[in-house]
$ cat data_29.cif   # mmCIF, C-alpha atoms
data_input
#
loop_
_atom_site.label_atom_id
_atom_site.label_comp_id
_atom_site.auth_asym_id
_atom_site.auth_seq_id
_atom_site.Cartn_x
_atom_site.Cartn_y
_atom_site.Cartn_z
CA MET A 1 8.92 23.48 67.03
CA PHE A 2 7.92 19.92 66.28
CA ARG A 3 5.19 21.14 63.90
CA VAL A 4 7.63 23.33 61.98
CA CYS A 5 10.04 20.42 61.52
CA LEU A 6 7.17 18.15 60.50
CA ARG A 7 5.92 20.67 57.93
CA LEU A 8 9.42 21.12 56.53
CA ALA A 9 9.89 17.37 56.25
CA LEU A 10 6.50 17.06 54.53
CA VAL A 11 7.34 19.79 52.03
CA VAL A 12 10.72 18.19 51.26
CA ALA A 13 9.12 14.75 50.95
CA ALA A 14 6.50 16.14 48.55
CA THR A 15 8.89 18.14 46.36
CA LEU A 16 11.60 15.51 45.90
CA PRO A 17 9.42 13.16 43.81
CA LEU A 18 8.06 16.08 41.83
CA MET A 19 11.59 17.21 40.95
CA ALA A 20 12.18 13.89 39.19
CA PHE A 21 9.57 14.75 36.54
CA ARG A 22 10.36 17.05 33.68
CA MET A 23 8.49 18.11 30.61
CA PRO A 24 9.82 16.67 27.35
CA VAL A 25 11.34 19.11 24.91
CA ALA A 26 9.06 19.83 21.98
CA ASP A 27 10.41 18.12 18.89
CA LYS A 28 10.54 20.80 16.25
CA GLY A 29 11.77 20.20 12.77
CA ILE A 30 12.49 17.16 10.68
CA PRO A 31 14.32 14.12 12.01
CA ARG A 32 17.87 14.17 10.69
CA LEU A 33 18.03 10.79 8.98
CA LEU A 34 14.63 10.81 7.33
CA TYR A 35 14.55 10.74 3.56
CA ASP A 36 11.95 10.67 0.82
CA VAL A 37 12.89 7.32 -0.70
CA ARG A 38 11.85 7.20 -4.35
CA GLY A 39 13.19 3.77 -5.28
CA ALA A 40 15.41 0.88 -4.28
CA VAL A 41 17.93 -1.33 -6.01
CA VAL A 42 18.72 -4.69 -4.43
CA MET A 43 21.90 -6.40 -5.62
CA ALA A 44 23.91 -9.47 -4.69
CA ASP A 45 27.62 -9.18 -3.92
CA ASP A 46 28.24 -12.83 -4.70
CA GLU A 47 27.03 -15.06 -7.53
CA SER A 48 26.10 -17.79 -5.06
CA ILE A 49 23.24 -15.71 -3.64
CA PRO A 50 19.91 -17.03 -4.97
CA ARG A 51 18.03 -14.76 -7.36
CA THR A 52 14.79 -15.49 -5.51
CA LEU A 53 16.25 -13.88 -2.36
CA VAL A 54 17.26 -10.75 -4.26
CA SER A 55 13.99 -10.43 -6.18
CA SER A 56 11.84 -11.12 -3.10
CA ALA A 57 13.69 -8.52 -1.03
CA ASP A 58 13.42 -6.05 -3.92
CA ARG A 59 9.66 -6.58 -4.24
CA GLN A 60 9.07 -6.21 -0.50
CA ILE A 61 11.15 -3.03 -0.22
CA ASP A 62 9.43 -1.53 -3.29
CA ARG A 63 6.04 -2.36 -1.77
CA ALA A 64 7.03 -0.53 1.42
CA ILE A 65 8.22 2.47 -0.60
CA ARG A 66 4.92 2.65 -2.51
CA GLN A 67 2.95 2.53 0.76
CA THR A 68 4.90 5.43 2.22
CA MET A 69 3.38 8.90 2.09
CA ARG A 70 5.31 11.86 3.47
CA SER A 71 3.65 15.10 4.46
CA LEU A 72 6.99 16.92 4.76
CA ILE A 73 9.41 17.93 2.05
CA LEU A 74 12.47 15.73 2.57
CA PRO A 75 15.67 15.07 0.61
CA ARG A 76 14.86 12.70 -2.26
CA THR A 77 16.94 9.54 -2.31
CA ILE A 78 17.27 6.13 -3.86
CA ILE A 79 18.54 3.32 -1.68
CA SER A 80 21.00 0.70 -2.82
CA VAL A 81 20.89 -2.60 -0.91
CA ARG A 82 23.76 -5.07 -1.38
CA ILE A 83 23.34 -8.55 0.04
CA GLY A 84 26.58 -10.30 1.01
CA LYS A 85 27.41 -13.97 0.98
CA ILE A 86 25.09 -16.18 3.01
CA ALA A 87 26.80 -18.21 5.72
CA GLN A 88 25.18 -21.35 7.05
CA GLU A 89 25.95 -22.14 10.65
CA PRO A 90 24.75 -25.60 11.68
CA MET A 91 23.27 -25.73 15.15
CA LEU A 92 22.34 -28.66 17.35
CA ILE A 93 18.87 -28.60 15.81
CA GLY A 94 18.43 -26.66 12.59
CA THR A 95 20.63 -24.16 10.79
CA ARG A 96 21.26 -20.46 11.24
CA TYR A 97 21.58 -18.44 8.03
CA VAL A 98 23.50 -15.16 8.32
CA THR A 99 24.21 -12.50 5.72
CA THR A 100 25.68 -9.01 5.83
CA VAL A 101 23.64 -6.29 4.13
CA ASN A 102 25.12 -2.94 3.06
CA VAL A 103 22.65 -0.09 2.51
CA GLN A 104 23.47 3.21 0.83
CA ALA A 105 21.19 6.23 0.43
CA ILE A 106 21.99 8.08 -2.81
CA SER A 107 20.75 11.60 -3.47
CA VAL A 108 18.49 11.98 -6.51
CA ASP A 109 19.67 15.55 -7.07
CA SER A 110 23.44 15.08 -7.00
CA GLY A 111 23.89 11.33 -7.38
CA GLU A 112 26.26 11.21 -4.43
CA PRO A 113 25.87 8.89 -1.44
CA ILE A 114 24.54 10.80 1.57
CA ALA A 115 24.27 7.96 4.09
CA GLU A 116 25.40 4.39 4.34
CA GLY A 117 25.41 1.58 6.83
CA SER A 118 25.42 -2.16 7.20
CA PHE A 119 23.71 -4.78 9.33
CA LYS A 120 23.52 -8.53 9.67
CA ALA A 121 20.34 -10.39 8.94
CA SER A 122 19.93 -13.86 10.34
CA ALA A 123 17.30 -16.58 10.39
CA PHE A 124 17.15 -19.81 12.35
CA LEU A 125 15.33 -22.55 10.47
CA PHE A 126 14.89 -26.29 10.72
CA SER A 127 14.88 -26.77 6.95
CA SER A 128 16.61 -24.87 4.18
CA GLU A 129 13.51 -24.62 1.98
CA ALA A 130 12.24 -21.34 3.41
CA ALA A 131 15.62 -19.74 4.15
CA GLU A 132 15.53 -17.37 1.19
CA ALA A 133 12.01 -16.12 1.93
CA VAL A 134 12.72 -15.58 5.63
CA LEU A 135 16.00 -13.76 4.95
CA ALA A 136 14.31 -11.56 2.34
CA ALA A 137 11.57 -10.67 4.83
CA LYS A 138 14.13 -9.85 7.55
CA ILE A 139 16.18 -7.68 5.19
CA SER A 140 13.15 -5.76 3.90
CA GLU A 141 11.73 -5.27 7.42
CA ARG A 142 15.01 -3.83 8.66
CA VAL A 143 15.42 -1.49 5.67
CA ALA A 144 11.79 -0.37 6.01
CA SER A 145 12.17 0.32 9.71
CA GLU A 146 15.43 2.26 9.29
CA PHE A 147 14.03 4.49 6.55
CA ARG A 148 10.52 4.57 8.08
CA LEU A 149 8.94 3.08 4.99
CA GLY A 150 5.42 1.72 4.81
CA GLN A 151 4.12 4.32 7.25
CA ARG A 152 1.41 6.75 6.29
CA GLN A 153 2.36 9.77 8.34
CA ASP A 154 -0.41 12.13 7.31
CA LEU A 155 -3.33 10.23 8.86
CA LEU A 156 -5.10 11.49 11.96
CA ALA A 157 -4.95 8.09 13.67
CA THR A 158 -1.17 7.98 13.18
CA ALA A 159 -0.82 11.42 14.72
CA PHE A 160 -2.72 10.31 17.82
CA ALA A 161 -0.73 7.07 18.05
CA ASN A 162 2.56 8.97 18.21
#
$ encode --input "data_29.cif" --output "C-alpha cells"
Amino acid sequence: MFRVCLRLALVVAATLPLMAFRMPVADKGIPRLLYDVRGAVVMADDESIPRTLVSSADRQIDRAIRQTMRSLILPRTIISVRIGKIAQEPMLIGTRYVTTVNVQAISVDSGEPIAEGSFKASAFLFSSEAAEAVLAAKISERVASEFRLGQRQDLLATAFAN
C-alpha cells in the first residue's frame, strides 16, 4: 500500500511541473500594425522649434525607411510626424528637455489616416548644445521601432534571430 501511494505521489509530482509548460501558438499571418512605409514628413507644431531638430529627425527617419526591406505585401503608407513645443525642465544638475510627438500613418492608396498615436520624447543633458541632436535621435528611434523600420526581414540571419 505504501508503494502505491509513493508511486501516485511521484506521478503527481512529475506531472504538475510538466503541466505548466505549453507550446506557443504558431504565429500565422501578418502583424496587424505593420505597414510598408514609403516616406515620412516631419513637421513642427510651433515656430520656436529649431529647424535643425526637424531636419535631423527627418533625415534619420528617412534613412531608416530606406534601410527597410519587406518580404511581405503590406499596406503602403506615409507617416506624418509632428513635433510639439519643447519644454525645458531645470533639474538639480542639468536640464530635462521634453516634447510631445504626434505620429500619423496615412494610406498611399486612399490618402486617409489609418493609424495615429503620440508619445513623449525626453532627454536629460548637462548643456543645451546637444539637446536638438539627442531629441532628434530619440524621436527617430521611437518612430523606427514602432513601425519596425531599419530592419531587413528577408535575411537568413534575421530569421534565425527571431
$ resolve_selection --input "data_29.cif" --expression "the PyMOL selection byres ((chain A and resi 125) around 8)" --output "PyMOL selection string"
chain A and resi 94-97+123-124+126-128+130-131
$ closest_residue --input "data_29.cif" --among "A:Arg70, A:Arg142, A:Lys85, A:Arg76" --to "A:Leu53" --atoms "only C-alpha atoms"
A:Lys85
$ resolve_selection --input "data_29.cif" --expression "the PyMOL selection byres ((chain A and resi 36) around 10)" --output "list in words"
Leu34, Tyr35, Val37, Arg38, Gly39, Ile65, Thr68, Met69, Arg70, Leu72, Ile73, Leu74, Pro75, Arg76, Thr77, Ile78, Ser107, Val108, Phe147, Arg148 and Leu149 of chain A
$ write_last_selection --input "data_29.cif" --atoms "C-alpha atoms" --output "PDB file, in the frame of the given file"
ATOM      1  CA  LEU A  34      14.630  10.810   7.330  1.00  0.00           C
ATOM      2  CA  TYR A  35      14.550  10.740   3.560  1.00  0.00           C
ATOM      3  CA  VAL A  37      12.890   7.320  -0.700  1.00  0.00           C
ATOM      4  CA  ARG A  38      11.850   7.200  -4.350  1.00  0.00           C
ATOM      5  CA  GLY A  39      13.190   3.770  -5.280  1.00  0.00           C
ATOM      6  CA  ILE A  65       8.220   2.470  -0.600  1.00  0.00           C
ATOM      7  CA  THR A  68       4.900   5.430   2.220  1.00  0.00           C
ATOM      8  CA  MET A  69       3.380   8.900   2.090  1.00  0.00           C
ATOM      9  CA  ARG A  70       5.310  11.860   3.470  1.00  0.00           C
ATOM     10  CA  LEU A  72       6.990  16.920   4.760  1.00  0.00           C
ATOM     11  CA  ILE A  73       9.410  17.930   2.050  1.00  0.00           C
ATOM     12  CA  LEU A  74      12.470  15.730   2.570  1.00  0.00           C
ATOM     13  CA  PRO A  75      15.670  15.070   0.610  1.00  0.00           C
ATOM     14  CA  ARG A  76      14.860  12.700  -2.260  1.00  0.00           C
ATOM     15  CA  THR A  77      16.940   9.540  -2.310  1.00  0.00           C
ATOM     16  CA  ILE A  78      17.270   6.130  -3.860  1.00  0.00           C
ATOM     17  CA  SER A 107      20.750  11.600  -3.470  1.00  0.00           C
ATOM     18  CA  VAL A 108      18.490  11.980  -6.510  1.00  0.00           C
ATOM     19  CA  PHE A 147      14.030   4.490   6.550  1.00  0.00           C
ATOM     20  CA  ARG A 148      10.520   4.570   8.080  1.00  0.00           C
ATOM     21  CA  LEU A 149       8.940   3.080   4.990  1.00  0.00           C
TER      22      LEU A 149
END
$ atom_distance --input "data_29.cif" --atom1 "atom CA of A:Asp46" --atom2 "atom CA of A:Arg66"
28.1 Å
$ resolve_selection --input "data_29.cif" --expression "the PyMOL selection byres ((chain A and resi 104) around 9)" --output "MDAnalysis selection string"
chainID A and resid 78:82 102:103 105:106 113:118
$ closest_residue --input "data_29.cif" --among "A:Leu10, A:Asp109, A:Glu146, A:Val42" --to "A:Asp58" --atoms "all atoms listed in the file"
A:Val42
$ atom_distance --input "data_29.cif" --atom1 "atom CA of A:Ala121" --atom2 "atom CA of A:Leu135"
6.8 Å
$ axis_aligned_box --input "data_29.cif" --around "stretch 55-61 of chain A" --padding-each-side "4 Å" --output "JSON"
{"center_x": 11.5, "center_y": -7.1, "center_z": -3.2, "size_x": 12.9, "size_y": 16.1, "size_z": 14.0}
$ closest_residue --input "data_29.cif" --among "A:Ala133, A:Ser145, A:Ile83, A:Val4" --to "A:Lys120" --atoms "all atoms listed in the file"
A:Ile83
$ residues_near_point --input "data_29.cif" --point "(7.0, -1.5, 3.4)" --cutoff "7 Å" --atoms "all atoms listed in the file" --output "list of chain:residue names"
A:Gln60, A:Ile61, A:Arg63, A:Ala64, A:Ile65, A:Gln67, A:Ala144, A:Leu149, A:Gly150
$ write_last_selection --input "data_29.cif" --atoms "C-alpha atoms" --output "PDB file, in the coordinates of the input"
ATOM      1  CA  GLN A  60       9.070  -6.210  -0.500  1.00  0.00           C
ATOM      2  CA  ILE A  61      11.150  -3.030  -0.220  1.00  0.00           C
ATOM      3  CA  ARG A  63       6.040  -2.360  -1.770  1.00  0.00           C
ATOM      4  CA  ALA A  64       7.030  -0.530   1.420  1.00  0.00           C
ATOM      5  CA  ILE A  65       8.220   2.470  -0.600  1.00  0.00           C
ATOM      6  CA  GLN A  67       2.950   2.530   0.760  1.00  0.00           C
ATOM      7  CA  ALA A 144      11.790  -0.370   6.010  1.00  0.00           C
ATOM      8  CA  LEU A 149       8.940   3.080   4.990  1.00  0.00           C
ATOM      9  CA  GLY A 150       5.420   1.720   4.810  1.00  0.00           C
TER      10      GLY A 150
END
$ atom_distance --input "data_29.cif" --atom1 "atom CA of A:Leu92" --atom2 "atom CA of A:Lys138"
22.7 Å
$ closest_residue --input "data_29.cif" --among "A:Glu132, A:Glu141, A:Asp45, A:Asp62" --to "A:Val98" --atoms "all atoms listed in the file"
A:Glu132
$ residues_around --input "data_29.cif" --residues "A:Thr52" --least-positions-apart "2" --cutoff "9 Å" --atoms "only C-alpha atoms" --output "list of chain:residue names"
A:Ile49, A:Pro50, A:Val54, A:Ser55, A:Ser56, A:Ala57, A:Glu132, A:Ala133, A:Ala136
$ decode --input "data_29.cif" --residues "stretch 54-70 of chain A" --atoms "N, CA and C atoms" --output "PDB file, in the first residue's frame"
ATOM      1  N   VAL A  54      14.104  69.404 -36.557  1.00  0.00           N
ATOM      2  CA  VAL A  54      13.164  68.855 -37.543  1.00  0.00           C
ATOM      3  C   VAL A  54      13.920  68.180 -38.684  1.00  0.00           C
ATOM      4  N   SER A  55      14.929  68.846 -39.221  1.00  0.00           N
ATOM      5  CA  SER A  55      15.655  68.273 -40.359  1.00  0.00           C
ATOM      6  C   SER A  55      16.466  67.042 -39.948  1.00  0.00           C
ATOM      7  N   SER A  56      17.034  67.052 -38.751  1.00  0.00           N
ATOM      8  CA  SER A  56      17.798  65.890 -38.292  1.00  0.00           C
ATOM      9  C   SER A  56      16.890  64.684 -38.074  1.00  0.00           C
ATOM     10  N   ALA A  57      15.727  64.910 -37.460  1.00  0.00           N
ATOM     11  CA  ALA A  57      14.780  63.809 -37.266  1.00  0.00           C
ATOM     12  C   ALA A  57      14.283  63.289 -38.612  1.00  0.00           C
ATOM     13  N   ASP A  58      14.037  64.193 -39.554  1.00  0.00           N
ATOM     14  CA  ASP A  58      13.582  63.794 -40.890  1.00  0.00           C
ATOM     15  C   ASP A  58      14.635  62.939 -41.594  1.00  0.00           C
ATOM     16  N   ARG A  59      15.883  63.358 -41.538  1.00  0.00           N
ATOM     17  CA  ARG A  59      16.961  62.585 -42.175  1.00  0.00           C
ATOM     18  C   ARG A  59      17.103  61.199 -41.557  1.00  0.00           C
ATOM     19  N   GLN A  60      17.030  61.115 -40.234  1.00  0.00           N
ATOM     20  CA  GLN A  60      17.211  59.834 -39.567  1.00  0.00           C
ATOM     21  C   GLN A  60      16.050  58.882 -39.845  1.00  0.00           C
ATOM     22  N   ILE A  61      14.839  59.405 -39.869  1.00  0.00           N
ATOM     23  CA  ILE A  61      13.678  58.558 -40.181  1.00  0.00           C
ATOM     24  C   ILE A  61      13.733  58.110 -41.637  1.00  0.00           C
ATOM     25  N   ASP A  62      14.101  59.005 -42.558  1.00  0.00           N
ATOM     26  CA  ASP A  62      14.228  58.619 -43.968  1.00  0.00           C
ATOM     27  C   ASP A  62      15.318  57.566 -44.162  1.00  0.00           C
ATOM     28  N   ARG A  63      16.399  57.684 -43.417  1.00  0.00           N
ATOM     29  CA  ARG A  63      17.466  56.677 -43.504  1.00  0.00           C
ATOM     30  C   ARG A  63      16.942  55.305 -43.048  1.00  0.00           C
ATOM     31  N   ALA A  64      16.163  55.294 -41.984  1.00  0.00           N
ATOM     32  CA  ALA A  64      15.596  54.032 -41.504  1.00  0.00           C
ATOM     33  C   ALA A  64      14.602  53.453 -42.502  1.00  0.00           C
ATOM     34  N   ILE A  65      13.844  54.314 -43.173  1.00  0.00           N
ATOM     35  CA  ILE A  65      12.889  53.839 -44.182  1.00  0.00           C
ATOM     36  C   ILE A  65      13.633  53.223 -45.365  1.00  0.00           C
ATOM     37  N   ARG A  66      14.720  53.856 -45.796  1.00  0.00           N
ATOM     38  CA  ARG A  66      15.485  53.326 -46.932  1.00  0.00           C
ATOM     39  C   ARG A  66      16.169  52.007 -46.587  1.00  0.00           C
ATOM     40  N   GLN A  67      16.508  51.784 -45.328  1.00  0.00           N
ATOM     41  CA  GLN A  67      17.152  50.535 -44.934  1.00  0.00           C
ATOM     42  C   GLN A  67      16.169  49.384 -44.793  1.00  0.00           C
ATOM     43  N   THR A  68      14.896  49.687 -44.746  1.00  0.00           N
ATOM     44  CA  THR A  68      13.880  48.665 -44.510  1.00  0.00           C
ATOM     45  C   THR A  68      13.536  47.934 -45.797  1.00  0.00           C
ATOM     46  N   MET A  69      13.540  46.617 -45.708  1.00  0.00           N
ATOM     47  CA  MET A  69      13.116  45.780 -46.834  1.00  0.00           C
ATOM     48  C   MET A  69      12.065  44.810 -46.314  1.00  0.00           C
ATOM     49  N   ARG A  70      10.919  44.795 -46.927  1.00  0.00           N
ATOM     50  CA  ARG A  70       9.833  43.912 -46.513  1.00  0.00           C
ATOM     51  C   ARG A  70       9.698  42.773 -47.514  1.00  0.00           C
TER      52      ARG A  70
END
